[in-house]
Amino acid sequence: MRYLFAILATLVLSACADPERNLYEGIKANNDAGRSPSERAMTPAPSYDQYKKERDAESAK
């Protein structure tokens, strides 16, 4: 019974994650790590929501 509860809790919590957002944020952080602070201030990377909106607009064409 204890194991069943643990498995169900894990499934519920994993359903809340957005793997596409996590992948984008990880790539963005990796790219930002190689840039200087002034480069990051001058040209910040778009947020995931902006990226997704642009991607959806391009795929609708």
# chains A, B, ... in the order shown; residues from 1 in each chain; ligands from 1
$ residues_around --residues "region 5-21 of chain A" --least-positions-apart "5" --cutoff "9 Å" --atoms "only C-alpha atoms" --output "PyMOL selection string"
chain A and resi 26+48-49
$ select_by_dssp --residues "chain A" --states "helix (DSSP H, G or I)" --output "PyMOL selection string"
chain A and resi 2-15+19-33+37-42+48-60
$ write_last_selection --atoms "N, CA and C atoms" --output "tab-separated table (two decimals), in the first residue's frame"
chain	number	residue	atom	x	y	z
A	2	ARG	N	1.94	1.22	0.76
A	2	ARG	CA	2.84	2.36	0.85
A	2	ARG	C	3.46	2.64	-0.52
A	3	TYR	N	3.85	1.58	-1.24
A	3	TYR	CA	4.46	1.74	-2.55
A	3	TYR	C	3.48	2.28	-3.57
A	4	LEU	N	2.24	1.86	-3.48
A	4	LEU	CA	1.21	2.34	-4.38
A	4	LEU	C	1.03	3.85	-4.22
A	5	PHE	N	0.98	4.30	-2.97
A	5	PHE	CA	0.85	5.73	-2.71
A	5	PHE	C	2.05	6.50	-3.27
A	6	ALA	N	3.24	5.98	-3.11
A	6	ALA	CA	4.45	6.64	-3.61
A	6	ALA	C	4.43	6.71	-5.13
A	7	ILE	N	4.02	5.66	-5.79
A	7	ILE	CA	3.95	5.65	-7.25
A	7	ILE	C	2.90	6.64	-7.74
A	8	LEU	N	1.74	6.66	-7.11
A	8	LEU	CA	0.70	7.61	-7.51
A	8	LEU	C	1.14	9.05	-7.29
A	9	ALA	N	1.79	9.33	-6.19
A	9	ALA	CA	2.28	10.68	-5.92
A	9	ALA	C	3.31	11.10	-6.96
A	10	THR	N	4.18	10.19	-7.34
A	10	THR	CA	5.19	10.48	-8.36
A	10	THR	C	4.54	10.77	-9.70
A	11	LEU	N	3.55	10.01	-10.07
A	11	LEU	CA	2.85	10.22	-11.34
A	11	LEU	C	2.13	11.57	-11.36
A	12	VAL	N	1.51	11.92	-10.27
A	12	VAL	CA	0.79	13.19	-10.20
A	12	VAL	C	1.76	14.36	-10.30
A	13	LEU	N	2.87	14.28	-9.60
A	13	LEU	CA	3.84	15.38	-9.64
A	13	LEU	C	4.54	15.48	-10.99
A	14	SER	N	4.79	14.38	-11.64
A	14	SER	CA	5.45	14.43	-12.94
A	14	SER	C	4.52	14.96	-14.02
A	15	ALA	N	3.23	14.84	-13.82
A	15	ALA	CA	2.27	15.35	-14.80
A	15	ALA	C	2.23	16.88	-14.78
A	19	PRO	N	8.01	19.60	-19.94
A	19	PRO	CA	9.36	19.27	-20.41
A	19	PRO	C	9.89	20.23	-21.46
A	20	GLU	N	9.03	20.78	-22.31
A	20	GLU	CA	9.50	21.72	-23.32
A	20	GLU	C	10.03	22.99	-22.68
A	21	ARG	N	9.33	23.49	-21.66
A	21	ARG	CA	9.77	24.69	-20.95
A	21	ARG	C	11.09	24.42	-20.24
A	22	ASN	N	11.20	23.27	-19.61
A	22	ASN	CA	12.43	22.93	-18.89
A	22	ASN	C	13.61	22.81	-19.85
A	23	LEU	N	13.40	22.22	-21.00
A	23	LEU	CA	14.47	22.09	-22.00
A	23	LEU	C	14.89	23.47	-22.49
A	24	TYR	N	13.93	24.34	-22.80
A	24	TYR	CA	14.24	25.69	-23.28
A	24	TYR	C	15.01	26.46	-22.22
A	25	GLU	N	14.56	26.42	-20.97
A	25	GLU	CA	15.23	27.15	-19.90
A	25	GLU	C	16.65	26.63	-19.69
A	26	GLY	N	16.86	25.33	-19.81
A	26	GLY	CA	18.20	24.76	-19.66
A	26	GLY	C	19.13	25.21	-20.76
A	27	ILE	N	18.66	25.21	-21.99
A	27	ILE	CA	19.48	25.67	-23.12
A	27	ILE	C	19.78	27.16	-22.98
A	28	LYS	N	18.77	27.92	-22.58
A	28	LYS	CA	18.96	29.37	-22.39
A	28	LYS	C	20.00	29.64	-21.31
A	29	ALA	N	19.94	28.92	-20.21
A	29	ALA	CA	20.91	29.11	-19.13
A	29	ALA	C	22.31	28.71	-19.58
A	30	ASN	N	22.42	27.66	-20.35
A	30	ASN	CA	23.71	27.21	-20.86
A	30	ASN	C	24.31	28.26	-21.81
A	31	ASN	N	23.49	28.81	-22.67
A	31	ASN	CA	23.96	29.85	-23.58
A	31	ASN	C	24.34	31.12	-22.83
A	32	ASP	N	23.57	31.49	-21.83
A	32	ASP	CA	23.87	32.69	-21.05
A	32	ASP	C	25.14	32.54	-20.23
A	33	ALA	N	25.50	31.34	-19.88
A	33	ALA	CA	26.71	31.13	-19.08
A	33	ALA	C	27.96	31.51	-19.86
A	37	PRO	N	28.23	39.59	-18.75
A	37	PRO	CA	27.06	40.30	-18.18
A	37	PRO	C	26.59	41.46	-19.06
A	38	SER	N	27.52	42.15	-19.71
A	38	SER	CA	27.09	43.27	-20.57
A	38	SER	C	26.36	42.74	-21.80
A	39	GLU	N	26.80	41.60	-22.35
A	39	GLU	CA	26.09	41.01	-23.49
A	39	GLU	C	24.69	40.57	-23.09
A	40	ARG	N	24.56	40.00	-21.91
A	40	ARG	CA	23.24	39.57	-21.44
A	40	ARG	C	22.32	40.76	-21.22
A	41	ALA	N	22.88	41.90	-20.77
A	41	ALA	CA	22.06	43.09	-20.52
A	41	ALA	C	21.63	43.74	-21.83
A	42	MET	N	22.51	43.72	-22.83
A	42	MET	CA	22.21	44.37	-24.11
A	42	MET	C	21.21	43.56	-24.95
A	48	TYR	N	10.37	31.90	-22.33
A	48	TYR	CA	9.76	30.74	-22.99
A	48	TYR	C	8.41	31.12	-23.60
A	49	ASP	N	7.66	31.96	-22.91
A	49	ASP	CA	6.34	32.34	-23.43
A	49	ASP	C	6.46	33.12	-24.74
A	50	GLN	N	7.44	34.03	-24.83
A	50	GLN	CA	7.68	34.76	-26.08
A	50	GLN	C	8.12	33.81	-27.18
A	51	TYR	N	9.02	32.91	-26.84
A	51	TYR	CA	9.51	31.92	-27.80
A	51	TYR	C	8.37	31.06	-28.35
A	52	LYS	N	7.51	30.60	-27.44
A	52	LYS	CA	6.40	29.75	-27.86
A	52	LYS	C	5.42	30.50	-28.74
A	53	LYS	N	5.15	31.77	-28.42
A	53	LYS	CA	4.24	32.57	-29.23
A	53	LYS	C	4.79	32.75	-30.64
A	54	GLU	N	6.11	33.04	-30.75
A	54	GLU	CA	6.72	33.19	-32.07
A	54	GLU	C	6.71	31.87	-32.85
A	55	ARG	N	7.00	30.77	-32.15
A	55	ARG	CA	7.02	29.46	-32.80
A	55	ARG	C	5.63	29.09	-33.30
A	56	ASP	N	4.61	29.34	-32.51
A	56	ASP	CA	3.23	29.03	-32.93
A	56	ASP	C	2.79	29.91	-34.10
A	57	ALA	N	3.22	31.17	-34.10
A	57	ALA	CA	2.86	32.07	-35.20
A	57	ALA	C	3.52	31.61	-36.50
A	58	GLU	N	4.76	31.15	-36.42
A	58	GLU	CA	5.44	30.69	-37.62
A	58	GLU	C	4.86	29.38	-38.15
A	59	SER	N	4.43	28.52	-37.26
A	59	SER	CA	3.86	27.25	-37.70
A	59	SER	C	2.45	27.42	-38.27
A	60	ALA	N	1.78	28.52	-37.91
A	60	ALA	CA	0.44	28.78	-38.42
A	60	ALA	C	0.46	29.29	-39.85
